[in-house]
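S.K.: Sharing input-v9.txt, compact mmCIF, C-alpha atoms:
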# COMPACT_ATOMS: atom_id res chain seq x y z
CA MET A 209 -2.36 -59.01 43.71
CA MET A 210 -2.58 -56.62 40.70
CA ARG A 211 -2.22 -53.41 42.69
CA ARG A 212 1.53 -53.67 43.38
CA PRO A 213 2.64 -53.74 39.69
CA LEU A 214 0.35 -50.77 38.99
CA ALA A 215 1.77 -48.90 41.97
CA ARG A 216 5.34 -49.60 40.91
CA ALA A 217 4.55 -48.44 37.34
CA ALA A 218 3.02 -45.24 38.67
CA MET A 219 6.07 -44.53 40.84
CA THR A 220 8.38 -45.18 37.91
CA SER A 221 6.43 -42.77 35.70
CA LEU A 222 6.50 -40.10 38.39
CA ALA A 223 10.26 -40.46 38.78
CA VAL A 224 10.77 -40.07 35.04
CA LEU A 225 8.52 -37.00 35.01
CA LEU A 226 10.39 -35.39 37.92
CA ALA A 227 13.71 -36.06 36.24
CA ALA A 228 12.48 -34.45 33.05
CA CYS A 229 11.21 -31.41 34.93
CA SER A 230 14.53 -30.99 36.74
CA SER A 231 16.33 -30.79 33.37
CA THR A 232 13.99 -28.13 31.92
CA PRO A 233 15.44 -24.55 31.92
CA ASP A 234 13.57 -22.11 34.11
CA ASP A 235 11.84 -19.01 32.73
CA GLY A 236 14.92 -16.91 33.30
CA ASP A 237 17.03 -19.25 31.17
CA ILE A 238 14.44 -19.19 28.38
CA GLN A 239 14.22 -15.42 28.48
CA GLY A 240 17.98 -15.03 28.54
CA SER A 241 18.37 -17.32 25.57
CA ALA A 242 15.69 -15.38 23.66
CA GLU A 243 17.39 -12.07 24.40
CA LYS A 244 20.72 -13.41 23.14
CA LEU A 245 19.07 -14.63 19.94
CA TYR A 246 17.39 -11.27 19.52
CA ALA A 247 20.67 -9.41 19.95
CA ASP A 248 22.25 -11.65 17.30
CA ALA A 249 19.30 -11.03 14.97
CA LYS A 250 19.63 -7.25 15.36
CA SER A 251 23.31 -7.53 14.59
CA ASP A 252 22.50 -9.42 11.38
CA MET A 253 19.88 -6.83 10.44
CA SER A 254 22.41 -4.03 10.90
CA ALA A 255 24.76 -5.84 8.54
CA GLY A 256 22.02 -6.53 5.98
CA GLY A 257 21.94 -10.25 6.75
CA TRP A 258 18.18 -10.44 6.38
CA LEU A 259 17.84 -14.18 5.80
CA ASN A 260 19.81 -15.18 8.88
CA ALA A 261 18.01 -12.52 10.92
CA ILE A 262 14.68 -14.00 9.84
CA LYS A 263 15.68 -17.43 11.15
CA LEU A 264 16.79 -16.01 14.49
CA LEU A 265 13.72 -13.82 14.93
CA GLU A 266 11.44 -16.77 14.28
CA ARG A 267 13.18 -18.61 17.12
CA VAL A 268 12.90 -15.58 19.39
CA GLU A 269 9.18 -15.32 18.74
CA GLY A 270 8.74 -18.97 19.65
CA ARG A 271 10.84 -18.90 22.83
CA ALA A 272 9.58 -15.59 24.22
CA GLY A 273 5.91 -16.08 23.34
CA GLY A 274 3.51 -13.76 25.16
CA THR A 275 6.16 -11.17 26.05
CA LEU A 276 6.96 -7.70 24.72
CA LEU A 277 10.19 -9.17 23.36
CA ALA A 278 8.15 -11.58 21.24
CA GLN A 279 6.06 -8.67 19.92
CA GLN A 280 9.19 -6.72 19.02
CA ALA A 281 10.69 -9.78 17.35
CA GLN A 282 7.52 -10.18 15.29
CA LEU A 283 7.69 -6.59 14.06
CA ASP A 284 11.37 -6.98 13.23
CA LEU A 285 10.57 -10.24 11.47
CA ALA A 286 8.06 -8.44 9.25
CA TYR A 287 10.62 -5.75 8.47
CA ALA A 288 13.35 -8.28 7.72
CA ASN A 289 11.05 -10.22 5.39
CA TRP A 290 10.18 -7.00 3.57
CA LYS A 291 13.85 -6.06 3.13
CA ALA A 292 14.58 -9.58 1.93
CA GLY A 293 11.96 -9.19 -0.80
CA GLU A 294 9.45 -11.50 0.87
CA LYS A 295 6.43 -9.19 0.68
CA ALA A 296 3.82 -11.91 1.28
CA ALA A 297 5.62 -13.15 4.40
CA ALA A 298 5.98 -9.60 5.70
CA LEU A 299 2.29 -8.85 5.26
CA SER A 300 1.27 -12.17 6.77
CA THR A 301 3.38 -11.46 9.86
CA LEU A 302 1.96 -7.95 10.21
CA ASP A 303 -1.62 -9.13 9.81
CA ARG A 304 -1.04 -11.74 12.51
CA PHE A 305 0.54 -9.14 14.81
CA ILE A 306 -2.33 -6.67 14.35
CA LYS A 307 -4.91 -9.36 14.98
CA LEU A 308 -3.27 -10.80 18.09
CA ASN A 309 -2.00 -7.56 19.65
CA PRO A 310 -4.74 -4.91 19.34
CA SER A 311 -3.44 -3.04 22.40
CA SER A 312 0.28 -3.36 21.72
CA PRO A 313 2.42 -0.21 22.03
CA GLY A 314 3.83 -1.16 18.61
CA LEU A 315 0.49 -1.24 16.80
CA ASP A 316 1.00 2.16 15.17
CA TYR A 317 4.32 0.99 13.74
CA ALA A 318 2.73 -2.24 12.52
CA LEU A 319 0.11 -0.28 10.58
CA TYR A 320 2.73 2.08 9.21
CA LEU A 321 4.94 -0.80 8.09
CA ARG A 322 2.00 -2.56 6.43
CA GLY A 323 1.38 0.63 4.48
CA LEU A 324 5.03 0.91 3.51
CA VAL A 325 5.24 -2.68 2.28
CA ASN A 326 2.34 -2.11 -0.11
CA PHE A 327 3.38 1.43 -1.01
CA ASN A 328 6.87 0.42 -2.04
CA ASP A 329 5.50 -2.48 -4.03
CA ASN A 330 4.21 0.17 -6.44
CA ILE A 331 7.34 2.30 -6.72
CA GLY A 332 10.02 -0.35 -6.57
CA VAL A 333 13.29 -0.66 -8.43
CA LEU A 334 11.85 -2.40 -11.49
CA ALA A 335 9.27 0.33 -11.95
CA SER A 336 11.99 2.98 -11.78
CA LEU A 337 14.18 1.17 -14.26
CA SER A 338 11.35 0.74 -16.74
CA ARG A 339 10.03 4.28 -16.10
CA GLN A 340 6.62 2.75 -15.65
CA LYS A 341 4.36 5.10 -13.73
CA LEU A 342 2.52 4.08 -10.59
CA SER A 343 -0.70 5.08 -12.36
CA GLU A 344 -0.07 2.60 -15.17
CA ARG A 345 -0.02 -0.55 -13.04
CA ASP A 346 -2.51 -2.50 -10.99
CA GLN A 347 -3.64 -0.40 -8.06
CA GLN A 348 -4.61 -3.00 -5.44
CA ALA A 349 -1.37 -2.60 -3.51
CA ALA A 350 -1.84 1.19 -3.54
CA ARG A 351 -5.36 0.80 -2.13
CA ASP A 352 -4.11 -1.57 0.57
CA ALA A 353 -1.38 0.90 1.49
CA TYR A 354 -3.92 3.71 1.70
CA GLN A 355 -6.16 1.71 4.04
CA ALA A 356 -3.25 0.90 6.36
CA PHE A 357 -2.14 4.53 6.49
CA LYS A 358 -5.74 5.66 6.99
CA GLN A 359 -6.18 3.31 9.96
CA LEU A 360 -2.94 4.62 11.45
CA VAL A 361 -3.99 8.26 11.06
CA GLU A 362 -7.43 7.66 12.55
CA GLN A 363 -6.34 5.49 15.49
CA PHE A 364 -3.05 7.20 16.29
CA PRO A 365 -3.25 10.87 15.27
CA GLU A 366 -0.32 11.70 17.57
CA SER A 367 1.95 8.89 16.37
CA LYS A 368 5.35 9.91 15.06
CA TYR A 369 4.53 7.93 11.92
CA THR A 370 1.30 9.83 11.17
CA PRO A 371 2.75 12.89 9.37
CA ASP A 372 4.57 10.73 6.83
CA ALA A 373 1.51 8.51 6.45
CA LYS A 374 -0.60 11.55 5.55
CA LEU A 375 1.85 12.59 2.84
CA ARG A 376 1.82 9.12 1.37
CA MET A 377 -1.99 9.05 1.46
CA ASP A 378 -2.11 12.26 -0.59
CA TYR A 379 0.28 10.75 -3.10
CA ILE A 380 -1.74 7.55 -3.36
CA VAL A 381 -5.04 9.42 -3.91
CA ASN A 382 -3.51 11.39 -6.77
CA ALA A 383 -2.00 8.22 -8.21
CA LEU A 384 -5.33 6.37 -8.08
CA ALA A 385 -7.08 9.29 -9.79
CA ASP A 386 -4.31 9.38 -12.37
CA TYR A 387 -4.82 5.68 -12.96
CA GLU A 388 -8.52 6.18 -13.74
CA VAL A 389 -7.58 8.89 -16.25
CA HIS A 390 -4.93 6.62 -17.72
CA VAL A 391 -7.60 3.97 -18.37
CA ALA A 392 -10.03 6.56 -19.74
CA ARG A 393 -7.33 7.81 -22.09
CA TYR A 394 -6.71 4.25 -23.26
CA TYR A 395 -10.39 3.77 -24.09
CA LEU A 396 -10.59 7.12 -25.87
CA ARG A 397 -7.66 6.35 -28.14
CA ARG A 398 -9.27 3.08 -29.15
CA GLY A 399 -12.67 4.55 -29.90
CA ALA A 400 -14.44 3.13 -26.84
CA TYR A 401 -16.07 6.47 -26.14
CA VAL A 402 -18.75 5.34 -23.68
CA ALA A 403 -16.15 3.53 -21.58
CA ALA A 404 -13.83 6.53 -21.78
CA ALA A 405 -16.52 8.92 -20.56
CA ASN A 406 -17.57 6.61 -17.75
CA ARG A 407 -14.02 6.05 -16.52
CA ALA A 408 -13.23 9.77 -16.62
CA GLN A 409 -16.40 10.50 -14.67
CA GLN A 410 -15.44 7.85 -12.12
CA ALA A 411 -12.11 9.61 -11.57
CA ILE A 412 -13.91 12.90 -10.89
CA VAL A 413 -16.53 11.41 -8.55
CA THR A 414 -14.24 9.08 -6.62
CA TYR A 415 -11.22 11.35 -6.36
CA PRO A 416 -12.47 14.96 -6.42
CA GLN A 417 -10.09 17.90 -6.15
CA THR A 418 -7.11 16.03 -7.54
CA ALA A 419 -4.91 17.12 -10.42
CA ALA A 420 -6.40 14.42 -12.66
CA THR A 421 -9.82 16.12 -12.66
CA GLU A 422 -8.76 18.63 -15.31
CA GLU A 423 -7.85 16.01 -17.89
CA ALA A 424 -10.79 13.82 -16.89
CA LEU A 425 -13.18 16.64 -17.83
CA HIS A 426 -11.37 17.07 -21.12
CA ILE A 427 -11.65 13.35 -21.90
CA MET A 428 -15.37 13.41 -21.07
CA ALA A 429 -15.89 16.31 -23.46
CA GLN A 430 -13.97 14.53 -26.23
CA ALA A 431 -15.88 11.28 -25.73
CA TYR A 432 -19.30 13.01 -25.70
CA ASP A 433 -18.36 14.92 -28.84
CA LYS A 434 -17.52 11.68 -30.64
CA LEU A 435 -20.82 10.20 -29.47
CA GLY A 436 -22.73 13.22 -30.76
CA LEU A 437 -23.91 14.13 -27.26
CA GLU A 438 -23.50 17.88 -27.62
CA GLN A 439 -25.29 18.85 -24.40
CA LEU A 440 -23.10 16.58 -22.27
CA ARG A 441 -20.03 17.78 -24.17
CA ASP A 442 -20.89 21.41 -23.48
CA ASP A 443 -21.66 20.67 -19.83
CA ALA A 444 -18.25 19.10 -19.36
CA GLY A 445 -16.71 22.08 -21.14
CA ARG A 446 -18.40 24.58 -18.87
CA VAL A 447 -17.19 22.75 -15.77
CA LEU A 448 -13.67 22.62 -17.20
CA LYS A 449 -13.68 26.34 -18.00
CA GLY A 450 -15.23 27.26 -14.68
CA ASN A 451 -12.74 25.33 -12.58
CA TYR A 452 -9.66 25.61 -14.80
CA PRO A 453 -9.95 28.91 -16.69
CA ASN A 454 -6.28 28.74 -17.68
CA SER A 455 -6.36 25.10 -18.69
CA ARG A 456 -4.27 24.29 -21.73
CA PHE A 457 -7.12 22.03 -22.81
CA ILE A 458 -9.22 25.09 -23.58
CA ALA A 459 -9.03 26.72 -27.03
CA GLY A 460 -7.48 30.19 -26.96
CA ASN A 461 -4.64 29.31 -24.61
CA PRO A 462 -1.09 29.62 -25.98
CA GLY A 463 -0.26 26.72 -28.24
CA SER A 464 -3.88 25.62 -28.61
CA GLU A 465 -5.22 25.77 -32.16
CA LYS A 466 -7.91 23.09 -32.11
CA PRO A 467 -11.40 23.33 -30.57
CA TRP A 468 -11.05 22.71 -26.84
CA TRP A 469 -12.87 19.41 -26.96
CA GLN A 470 -10.53 18.06 -29.63
CA PHE A 471 -7.30 19.31 -28.16
CA TRP A 472 -4.74 16.64 -27.45
CA ASP A 473 -1.00 16.76 -26.90
CA ASP A 474 0.48 13.44 -25.86
CA GLU A 475 4.03 14.72 -25.55
CA LYS A 476 3.16 17.42 -23.03
CA ALA A 477 0.30 15.80 -21.15
CA TRP A 478 0.39 16.87 -17.50
CA TRP A 479 0.49 13.31 -16.26
CA GLN A 480 3.88 12.83 -17.91
CA LEU A 481 5.25 15.82 -16.05
CA TRP A 482 3.85 14.93 -12.62
The structure in this file should be written as structure tokens.
M.R.:
Amino acid sequence: MMRRPLARAAMTSLAVLLAACSSTPDDGDIQGSAEKLYADAKSDMSAGGWLNAIKLLERVEGRAGGTLLAQQAQLDLAYANWKAGEKAAALSTLDRFIKLNPSSPGLDYALYLRGLVNFNDNIGVLASLSRQKLSERDQQAARDAYQAFKQLVEQFPESKYTPDAKLRMDYIVNALADYEVHVARYYLRRGAYVAAANRAQQAIVTYPQTAATEEALHIMAQAYDKLGLEQLRDDAGRVLKGNYPNSRFIAGNPGSEKPWWQFWDDEKAWWQLW
């Protein structure tokens, strides 16, 4: 007696399900809709309409999930977020892309863009307006940029983005070394001679063969002289003279009247000319 109501209920449910399925767009419709949205998003990006492009690209990614179009939309979404000033969103999107698409043909671009987002965070408009040097600000973004560029260079040596990444890596290394010297100089001026010597030494050890090494050796010699550590002072001096025989930090060069370990000229320091 109870089986007929159950059977009728089952048939009713099946009919509803079939009706719902018949009204669902097929894969071609979904793909076509995603492609139209993507075209509209690219049009907005070309016109600088980053916020509207972001909304459209998010919809494309959702509709075309698992396709190359979805991957491209994700990369464009990261770029659009970056141009819109949404650095955190851009990096989050790129990190997700790199994690989920390790074999994607766009992986080299994803790494390059991640480097650019962090790199430009250091040399943005506000820094230019204030004339604040890259070496005078927090360096975490610079280190993150370096790691992204390094991964790109190592994994994709033939990528079209690799040459530019290498140039930016060289710049970042010099900037990071300059930053260490900037901190060492700060300590020296305030009489923290041990900290000054240690920070200058760190610049030399961590970033050898950079332009900052010359001044780092000079700061070490100054700090050791103030601490009464004559042997260490002279050792630093010998290395400075041996590697930079024409250094303006050495007594006897034009314009240098003080002993080499006391020489200081804030107005003409090399880091202000770099």
S.K.: Would you pick out the contacts of Asn406 of chain A at 12 Å or less, using all atoms listed in the file, so that residues sharing its chain but fewer than 2 positions from it are not included, and give the list as a ChimeraX atom specification?
M.R.: /A:388-389,391-393,395-396,400-404,408-414,424-425,427-429,431-432
S.K.: Between atom CA of Ala373 of chain A and atom CA of Pro310 of chain A, measure the distance and give it in Å to one decimal.
M.R.: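 So the two atoms, atom CA of Ala373 of chain A and atom CA of Pro310 of chain A, lie 19.6 Å apart.
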S.K.: What's the 9 Å shell around segment 243-253 of chain A, counting all atoms listed in the file, without same-chain residues fewer than 3 positions away, as a list of chain:residue names?
M.R.: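 Near segment 243-253 of chain A, the qualifying residues are A:Ile238, A:Gln239, A:Gly240, A:Gly256, A:Gly257, A:Trp258, A:Leu259, A:Asn260, A:Ala261, A:Ile262, A:Lys263, A:Leu264, A:Leu265, A:Arg267, A:Val268, A:Ala272, A:Leu277, A:Ala281, A:Asp284, A:Ala288.
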S.K.: Expressed in Å to a single decimal, how great is the separation between atom CA of Lys449 of chain A and atom CA of Val381 of chain A?
M.R.: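 The value is 23.7 Å.
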S.K.: Which distance in Å separates atom CA of Pro313 of chain A and atom CA of Asn326 of chain A, to one decimal?
M.R.: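 We find that atom CA of Pro313 of chain A and atom CA of Asn326 of chain A lie 22.2 Å from each other.
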S.K.: Return the single residue from A:Lys434, A:Lys295, A:Arg397, A:Arg351 that is closest to Leu384 of chain A, with distances computed using only C-alpha atoms.
M.R.: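 Smallest separation from Leu384 of chain A among the options: A:Arg351.
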S.K.: When distances are computed from all atoms listed in the file, which of A:Asp433, A:Gly445, A:Asp386, A:Tyr394 shows the smallest separation from Thr418 of chain A?
M.R.: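 Selected residue with least distance to Thr418 of chain A: A:Asp386.
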S.K.: Find the residue from A:Ala318, A:Ala383, A:Arg446, A:Asp372 that sits nearest to Ala350 of chain A; use all atoms listed in the file when measuring.
M.R.: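 Ranked by minimum distance to Ala350 of chain A, first place goes to A:Ala383.
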S.K.: Tell me which of A:Glu422, A:Thr370, A:Ala405, A:Leu360 sits closest to Pro453 of chain A, counting only C-alpha atoms.
M.R.: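 Of A:Glu422, A:Thr370, A:Ala405, A:Leu360, the one nearest Pro453 of chain A, counting only C-alpha atoms, is A:Glu422.
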S.K.: Measuring atom to atom with all atoms listed in the file, identify which of A:Leu319, A:Leu324, A:Ala297, A:Ala349 is nearest to Val361 of chain A.
M.R.: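 Answer, going by the shortest atom-to-atom distance: A:Leu319.
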